[in-house]
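Structure data (PDB, C-alpha atoms) from structure00.pdb:
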ATOM      1  CA  MET N   1     -12.974 126.282 110.630
ATOM      2  CA  LYS N   2     -12.552 126.957 106.918
ATOM      3  CA  VAL N   3     -13.232 129.989 104.754
ATOM      4  CA  SER N   4     -14.191 129.348 101.138
ATOM      5  CA  THR N   5     -15.036 131.209  97.969
ATOM      6  CA  THR N   6     -16.120 130.115  94.502
ATOM      7  CA  ALA N   7     -16.052 131.669  91.028
ATOM      8  CA  THR N   8     -17.610 130.272  87.840
ATOM      9  CA  ILE N   9     -17.416 131.210  84.169
ATOM     10  CA  GLU N  10     -18.336 129.772  80.766
ATOM     11  CA  CYS N  11     -15.915 129.681  77.843
ATOM     12  CA  SER N  12     -16.757 129.194  74.170
ATOM     13  CA  ALA N  13     -14.283 126.363  73.686
ATOM     14  CA  ALA N  14     -14.037 122.601  74.154
ATOM     15  CA  VAL N  15     -13.426 121.307  77.664
ATOM     16  CA  ASP N  16     -10.037 119.748  76.851
ATOM     17  CA  GLU N  17      -8.754 123.018  75.363
ATOM     18  CA  VAL N  18      -9.905 125.038  78.388
ATOM     19  CA  PHE N  19      -8.489 122.477  80.850
ATOM     20  CA  ASP N  20      -5.125 122.389  79.067
ATOM     21  CA  HIS N  21      -4.845 126.183  79.016
ATOM     22  CA  ALA N  22      -5.885 126.587  82.656
ATOM     23  CA  THR N  23      -3.432 123.986  83.950
ATOM     24  CA  SER N  24      -0.398 124.613  81.714
ATOM     25  CA  LEU N  25       2.744 125.727  83.533
ATOM     26  CA  GLU N  26       3.427 128.094  80.628
ATOM     27  CA  THR N  27       0.112 129.959  80.819
ATOM     28  CA  LEU N  28      -0.318 130.404  84.591
ATOM     29  CA  SER N  29       1.590 133.696  84.536
ATOM     30  CA  THR N  30      -0.715 135.105  81.843
ATOM     31  CA  LEU N  31      -3.875 134.053  83.683
ATOM     32  CA  LEU N  32      -3.098 134.793  87.331
ATOM     33  CA  ARG N  33      -2.126 138.462  87.398
ATOM     34  CA  PRO N  34      -1.938 140.644  90.545
ATOM     35  CA  VAL N  35      -5.296 141.973  91.737
ATOM     36  CA  GLY N  36      -5.511 144.499  94.583
ATOM     37  CA  PRO N  37      -3.352 143.366  97.509
ATOM     38  CA  LEU N  38      -2.887 139.853  96.091
ATOM     39  CA  PRO N  39       0.172 138.998  94.000
ATOM     40  CA  GLY N  40       0.022 137.248  90.655
ATOM     41  CA  VAL N  41       2.043 134.340  89.297
ATOM     42  CA  GLU N  42       5.412 135.051  87.700
ATOM     43  CA  ARG N  43       6.198 131.433  86.830
ATOM     44  CA  ALA N  44       5.482 127.853  87.852
ATOM     45  CA  TRP N  45       7.499 124.646  87.576
ATOM     46  CA  VAL N  46       7.750 121.031  88.668
ATOM     47  CA  ALA N  47      10.888 119.016  89.435
ATOM     48  CA  ALA N  48      13.006 118.132  86.419
ATOM     49  CA  GLY N  49      11.500 115.208  84.547
ATOM     50  CA  ALA N  50       8.179 115.354  86.406
ATOM     51  CA  THR N  51       4.836 115.890  84.712
ATOM     52  CA  ILE N  52       1.713 117.262  86.353
ATOM     53  CA  GLY N  53      -0.296 114.532  88.027
ATOM     54  CA  LYS N  54      -1.592 113.396  91.390
ATOM     55  CA  GLY N  55       1.105 113.633  94.071
ATOM     56  CA  VAL N  56       3.367 115.962  92.077
ATOM     57  CA  HIS N  57       4.530 119.190  93.719
ATOM     58  CA  ARG N  58       4.416 122.384  91.707
ATOM     59  CA  SER N  59       6.387 125.466  92.789
ATOM     60  CA  VAL N  60       4.837 128.851  92.066
ATOM     61  CA  LEU N  61       6.817 132.103  92.164
ATOM     62  CA  LEU N  62       4.545 135.048  92.941
ATOM     63  CA  SER N  63       5.003 138.662  91.854
ATOM     64  CA  ASP N  64       5.795 139.636  95.479
ATOM     65  CA  GLY N  65       8.798 137.263  95.502
ATOM     66  CA  ALA N  66       7.157 134.521  97.587
ATOM     67  CA  THR N  67       7.236 130.906  96.403
ATOM     68  CA  LEU N  68       4.292 128.629  97.140
ATOM     69  CA  ASP N  69       4.267 124.840  97.183
ATOM     70  CA  GLU N  70       1.271 123.200  95.529
ATOM     71  CA  GLU N  71       0.723 119.469  95.878
ATOM     72  CA  ILE N  72      -1.586 118.087  93.193
ATOM     73  CA  THR N  73      -4.211 116.119  95.145
ATOM     74  CA  GLU N  74      -6.507 115.246  92.244
ATOM     75  CA  TRP N  75      -5.760 115.178  88.520
ATOM     76  CA  ASP N  76      -8.484 113.956  86.161
ATOM     77  CA  PRO N  77      -8.093 115.684  82.760
ATOM     78  CA  PRO N  78     -10.165 117.331  81.440
ATOM     79  CA  ARG N  79     -12.551 117.354  84.413
ATOM     80  CA  VAL N  80     -10.730 118.150  87.682
ATOM     81  CA  HIS N  81      -7.533 119.791  88.868
ATOM     82  CA  GLU N  82      -7.140 120.071  92.649
ATOM     83  CA  TYR N  83      -4.139 121.102  94.733
ATOM     84  CA  ARG N  84      -3.153 121.904  98.314
ATOM     85  CA  VAL N  85      -1.255 125.172  98.783
ATOM     86  CA  THR N  86       1.301 125.736 101.551
ATOM     87  CA  GLY N  87       4.283 128.005 102.074
ATOM     88  CA  PHE N  88       2.471 131.327 102.282
ATOM     89  CA  ALA N  89       4.722 134.309 103.051
ATOM     90  CA  ALA N  90       4.104 136.857 105.798
ATOM     91  CA  PRO N  91       1.804 138.562 106.470
ATOM     92  CA  PHE N  92      -0.579 136.035 104.853
ATOM     93  CA  SER N  93       1.146 133.134 106.665
ATOM     94  CA  LEU N  94       0.108 134.718 109.974
ATOM     95  CA  LEU N  95      -3.526 134.352 108.909
ATOM     96  CA  VAL N  96      -3.681 131.200 106.753
ATOM     97  CA  ARG N  97      -2.040 127.806 107.310
ATOM     98  CA  SER N  98      -2.988 126.172 103.986
ATOM     99  CA  ALA N  99      -5.597 126.140 101.233
ATOM    100  CA  ILE N 100      -7.241 123.663  98.871
ATOM    101  CA  ALA N 101      -8.034 124.838  95.347
ATOM    102  CA  ARG N 102     -10.315 122.832  93.067
ATOM    103  CA  TRP N 103     -10.921 123.592  89.402
ATOM    104  CA  SER N 104     -13.852 121.707  87.829
ATOM    105  CA  PHE N 105     -14.475 121.713  84.074
ATOM    106  CA  GLU N 106     -17.854 120.750  82.609
ATOM    107  CA  SER N 107     -18.487 120.248  78.902
ATOM    108  CA  LEU N 108     -21.669 122.022  77.780
ATOM    109  CA  GLY N 109     -21.561 121.079  74.102
ATOM    110  CA  SER N 110     -19.311 119.896  71.295
ATOM    111  CA  GLY N 111     -18.146 120.858  67.841
ATOM    112  CA  ALA N 112     -18.947 124.410  66.746
ATOM    113  CA  GLN N 113     -21.220 124.752  69.791
ATOM    114  CA  ALA N 114     -18.532 123.708  72.308
ATOM    115  CA  ARG N 115     -18.764 125.475  75.640
ATOM    116  CA  THR N 116     -17.125 124.768  78.963
ATOM    117  CA  ARG N 117     -18.199 125.774  82.452
ATOM    118  CA  VAL N 118     -15.249 126.311  84.803
ATOM    119  CA  THR N 119     -15.798 126.404  88.552
ATOM    120  CA  TRP N 120     -12.881 127.360  90.798
ATOM    121  CA  ARG N 121     -13.278 126.880  94.536
ATOM    122  CA  TYR N 122     -10.754 127.842  97.199
ATOM    123  CA  GLU N 123     -10.979 126.723 100.811
ATOM    124  CA  PHE N 124      -8.589 128.354 103.290
ATOM    125  CA  SER N 125      -7.587 127.048 106.727
ATOM    126  CA  PRO N 126      -6.977 130.013 109.056
ATOM    127  CA  THR N 127      -4.181 129.761 111.614
ATOM    128  CA  SER N 128      -6.614 130.401 114.484
ATOM    129  CA  PRO N 129     -10.129 131.653 115.219
ATOM    130  CA  LEU N 130      -8.559 135.039 115.984
ATOM    131  CA  ALA N 131      -7.523 135.321 112.321
ATOM    132  CA  LEU N 132     -11.095 134.917 111.026
ATOM    133  CA  PRO N 133     -12.056 138.636 111.096
ATOM    134  CA  LEU N 134      -9.201 139.317 108.650
ATOM    135  CA  VAL N 135      -9.342 136.076 106.644
ATOM    136  CA  VAL N 136     -13.059 136.278 105.802
ATOM    137  CA  PRO N 137     -12.938 139.619 103.914
ATOM    138  CA  LEU N 138      -9.567 138.779 102.370
ATOM    139  CA  VAL N 139     -10.969 135.538 100.934
ATOM    140  CA  LYS N 140     -14.547 136.608 100.179
ATOM    141  CA  LEU N 141     -13.589 139.940  98.587
ATOM    142  CA  ALA N 142      -9.939 140.097  97.485
ATOM    143  CA  MET N 143      -9.389 136.424  96.627
ATOM    144  CA  ASN N 144     -12.752 136.119  94.922
ATOM    145  CA  LYS N 145     -11.933 139.160  92.771
ATOM    146  CA  LEU N 146      -8.570 137.608  91.797
ATOM    147  CA  MET N 147     -10.347 134.363  90.904
ATOM    148  CA  ARG N 148     -12.999 136.115  88.788
ATOM    149  CA  THR N 149     -10.307 138.151  86.998
ATOM    150  CA  THR N 150      -8.292 134.985  86.343
ATOM    151  CA  LEU N 151     -11.333 133.208  84.927
ATOM    152  CA  GLU N 152     -12.055 136.213  82.676
ATOM    153  CA  ASN N 153      -8.459 135.953  81.437
ATOM    154  CA  LEU N 154      -9.031 132.248  80.763
ATOM    155  CA  ARG N 155     -12.231 132.999  78.844
ATOM    156  CA  SER N 156     -10.458 135.640  76.732
ATOM    157  CA  ALA N 157      -7.590 133.264  75.985
ATOM    158  CA  THR N 158      -9.742 130.289  74.986
ATOM    159  CA  SER N 159     -13.031 131.552  73.586
ATOM    160  CA  ARG N 160     -13.510 131.860  69.837
TER     161      ARG N 160
END

I'd like the structure from this file rewritten - as structure tokens, please.
Amino acid sequence: MKVSTTATIECSAAVDEVFDHATSLETLSTLLRPVGPLPGVERAWVAAGATIGKGVHRSVLLSDGATLDEEITEWDPPRVHEYRVTGFAAPFSLLVRSAIARWSFESLGSGAQARTRVTWRYEFSPTSPLALPLVVPLVKLAMNKLMRTTLENLRSATSR
């Protein structure tokens, strides 16, 4: 039993530029801002000396004070960035055990005509079937709106 949502956008920039901006520890706080009941990102970091890559854990401090753990499960620049999220704070932790997020980047042209399609998919694992009536609207409405807003922020930051 999983609940998923997907958002897609096109940016007027090269795929490597869009990938780098979307996955940079320094830019996450400018992209992922609070939307409705969902907190945004204040900052993100990895262990000293580590660089982002498969198997690395990234810590993410949210605007509500919670800290999430994200394990990078796939890292294929500039095409794919996937991570497993755990460590949700209450009350969300009562509803969701973990989530998998997958960002896919597709080059749609090069040079002056460079465009990139970004698809962000989230798949949440509810704590029980009893949580589904709350998880479904939270994911399909609130989380999807946060994702679309984040992708708009990415487009604004990278498009010429």

* What does the distance from CA of Asp16 (chain N) to CA of Phe105 (chain N) come to in Å, to one decimal? ->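 Taking CA of Asp16 (chain N) and CA of Phe105 (chain N), their separation equals 8.7 Å.
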
* All residues 10 Å or closer to Phe88 (chain N), only C-alpha atoms, same chain fewer than 2 positions away omitted, as a ChimeraX atom specification -> /N:66-69,85-86,90-99

* Surrounding residues of Ala142 (chain N) excluding itself and chain neighbours under 6 positions, 9 Å, all atoms listed in the file, as a PyMOL selection string -> chain N and resi 35-38

Output C-alpha atoms of each residue in that selection to a file, as a short mmCIF file (atom, residue, chain, number, x, y, z; two decimals), in the coordinates of the input.
data_model
loop_
_atom_site.label_atom_id
_atom_site.label_comp_id
_atom_site.auth_asym_id
_atom_site.auth_seq_id
_atom_site.Cartn_x
_atom_site.Cartn_y
_atom_site.Cartn_z
CA VAL N 35 -5.30 141.97 91.74
CA GLY N 36 -5.51 144.50 94.58
CA PRO N 37 -3.35 143.37 97.51
CA LEU N 38 -2.89 139.85 96.09
#

* Separation of CA of Ser156 (chain N) from CA of Phe124 (chain N), in Å and rounded to one decimal -> 27.6 Å

* Asked: For the atom pair CA of Val135 (chain N) and CA of Tyr122 (chain N), what is the interatomic distance in Å to one decimal place?
  ->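 Between these atoms lies a distance of 12.6 Å.
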
* To do: List every protein, DNA or RNA residue that has at least one atom no more than 12 Å from (-12.6, 136.9, 87.8) in the file's coordinates, counting only C-alpha atoms, and write the result as a VMD selection string.
  => chain N and resid 5 to 10 31 to 35 118 to 120 141 to 156

* **Explicit residues for the PyMOL selection byres ((chain N and resi 58) around 10) (as a ChimeraX atom specification)** => /N:25,44-47,50-53,55-57,59-60,68-72,83,85

* Asked: For His81 (chain N), which residue out of N:Ala157, N:Val139, N:Ala112, N:Ala22 is the nearest one, using all atoms listed in the file?
  -> N:Ala22

* **Counting all atoms listed in the file, the option among N:His21, N:Arg43, N:Arg160, N:Lys2 closest to Arg115 (chain N)** =>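 The answer is N:Arg160, which sits nearest to Arg115 (chain N).
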
Pro78 (chain N) surroundings by all atoms listed in the file, 9 Å radius, close-in-sequence under 5 positions cut, as a PDB file with C-alpha atoms, in the frame of the given file:
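Result written to around.pdb:
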ATOM      1  CA  VAL N  15     -13.426 121.307  77.664  1.00  0.00           C
ATOM      2  CA  ASP N  16     -10.037 119.748  76.851  1.00  0.00           C
ATOM      3  CA  GLU N  17      -8.754 123.018  75.363  1.00  0.00           C
ATOM      4  CA  VAL N  18      -9.905 125.038  78.388  1.00  0.00           C
ATOM      5  CA  PHE N  19      -8.489 122.477  80.850  1.00  0.00           C
ATOM      6  CA  ASP N  20      -5.125 122.389  79.067  1.00  0.00           C
ATOM      7  CA  SER N 104     -13.852 121.707  87.829  1.00  0.00           C
ATOM      8  CA  PHE N 105     -14.475 121.713  84.074  1.00  0.00           C
ATOM      9  CA  GLU N 106     -17.854 120.750  82.609  1.00  0.00           C
TER      10      GLU N 106
END

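Closest approach to Leu138 (chain N) among N:Ser4, N:Ala48, N:Gly65, N:Ala14 is made by N:Ser4 (distances from all atoms listed in the file).
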
* To do: For a cut-off of 8 Å around (-14.0, 129.7, 109.8), file coordinates, pick out all residues using only C-alpha atoms and list them as number ranges by chain.
  => N: 1-3, 125-126, 129, 132, 136

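Selection result for the displayed file, with the PyMOL selection byres ((chain N and resi 114) around 9) as criterion, is Cys11, Ser12, Ala13, Ala14, Val15, Ser107, Leu108, Gly109, Ser110, Gly111, Ala112, Gln113, Arg115 and Thr116 of chain N.
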
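The smallest atom-to-atom distance between Thr73 (chain N) and any of N:Ile100, N:Ala131, N:Leu61, N:Ala89, using only C-alpha atoms, is found for N:Ile100.
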
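Counting all atoms listed in the file and comparing N:Leu62, N:Glu26, N:Lys54, N:Gly49, the residue that lies closest to Gly87 (chain N) is N:Leu62.
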
Some atoms are absent from region 46-57 of chain N, so rebuild N, CA and C atoms and return them as a tab-separated table (two decimals), keeping the file's coordinate frame.
chain	number	residue	atom	x	y	z
N	46	VAL	N	7.69	122.28	87.92
N	46	VAL	CA	7.75	121.03	88.67
N	46	VAL	C	9.18	120.54	88.60
N	47	ALA	N	9.53	119.56	89.43
N	47	ALA	CA	10.89	119.02	89.44
N	47	ALA	C	11.24	118.50	88.05
N	48	ALA	N	12.53	118.58	87.72
N	48	ALA	CA	13.01	118.13	86.42
N	48	ALA	C	12.54	116.71	86.15
N	49	GLY	N	11.96	116.52	84.97
N	49	GLY	CA	11.50	115.21	84.55
N	49	GLY	C	10.09	114.86	85.00
N	50	ALA	N	9.53	115.64	85.92
N	50	ALA	CA	8.18	115.35	86.41
N	50	ALA	C	7.14	115.94	85.46
N	51	THR	N	5.98	115.34	85.43
N	51	THR	CA	4.84	115.89	84.71
N	51	THR	C	3.70	116.05	85.71
N	52	ILE	N	2.83	117.00	85.44
N	52	ILE	CA	1.71	117.26	86.35
N	52	ILE	C	0.86	116.01	86.50
N	53	GLY	N	0.55	115.67	87.72
N	53	GLY	CA	-0.30	114.53	88.03
N	53	GLY	C	-0.45	114.43	89.53
N	54	LYS	N	-1.33	113.56	89.97
N	54	LYS	CA	-1.59	113.40	91.39
N	54	LYS	C	-0.30	113.09	92.14
N	55	GLY	N	-0.08	113.83	93.24
N	55	GLY	CA	1.10	113.63	94.07
N	55	GLY	C	2.30	114.50	93.70
N	56	VAL	N	2.26	115.11	92.53
N	56	VAL	CA	3.37	115.96	92.08
N	56	VAL	C	3.29	117.31	92.80
N	57	HIS	N	4.46	117.86	93.12
N	57	HIS	CA	4.53	119.19	93.72
N	57	HIS	C	4.91	120.20	92.65
